[in-house]
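S.K.: Please see the structure below; I have some questions.
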Amino acid sequence: MPASILEEAAGLLEAADTRPGEPTLLHCPSCGSAHVAQVLGDNGGVSYVCTACGHIWS
């Protein structure tokens, strides 16, 4: 288990790397930031939240 949220985020970014040398990053549709976290919704769906501006989307 990661000791901090930063270690957890680093692990998520590594997992998002589908092709060597070409990372796949999510970007906030509101502000364009790559500081995005994946969260589970109440109904089990997946949503995303921008940690830079707080925008939430599915």
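Naming works like this for the structure tokens: A, B, ... for the chains as they're shown, residue 1 at the start of each chain, ligands 1 onward in shown order.
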Could you list, as a list in words, every residue within 10 Å of Ser58 of chain A, counting only C-alpha atoms and ignoring same-chain residues fewer than 3 positions away?
M.R.: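 Residues meeting the cut-off are Gln38, Val39, Leu40, Gly41, Gly45, Val46, Ser47, Tyr48 and Val49 of chain A.
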S.K.: So that I can see what lies close to Pro29 of chain A, please list as a list of chain:residue names the residues with an atom at most 9 Å from it, counting only C-alpha atoms and leaving out residues fewer than 2 positions away in the same chain.
M.R.: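 Result of the neighbour search: A:His27, A:Cys31, A:Gly32, A:Ser33, A:His55, A:Trp57.
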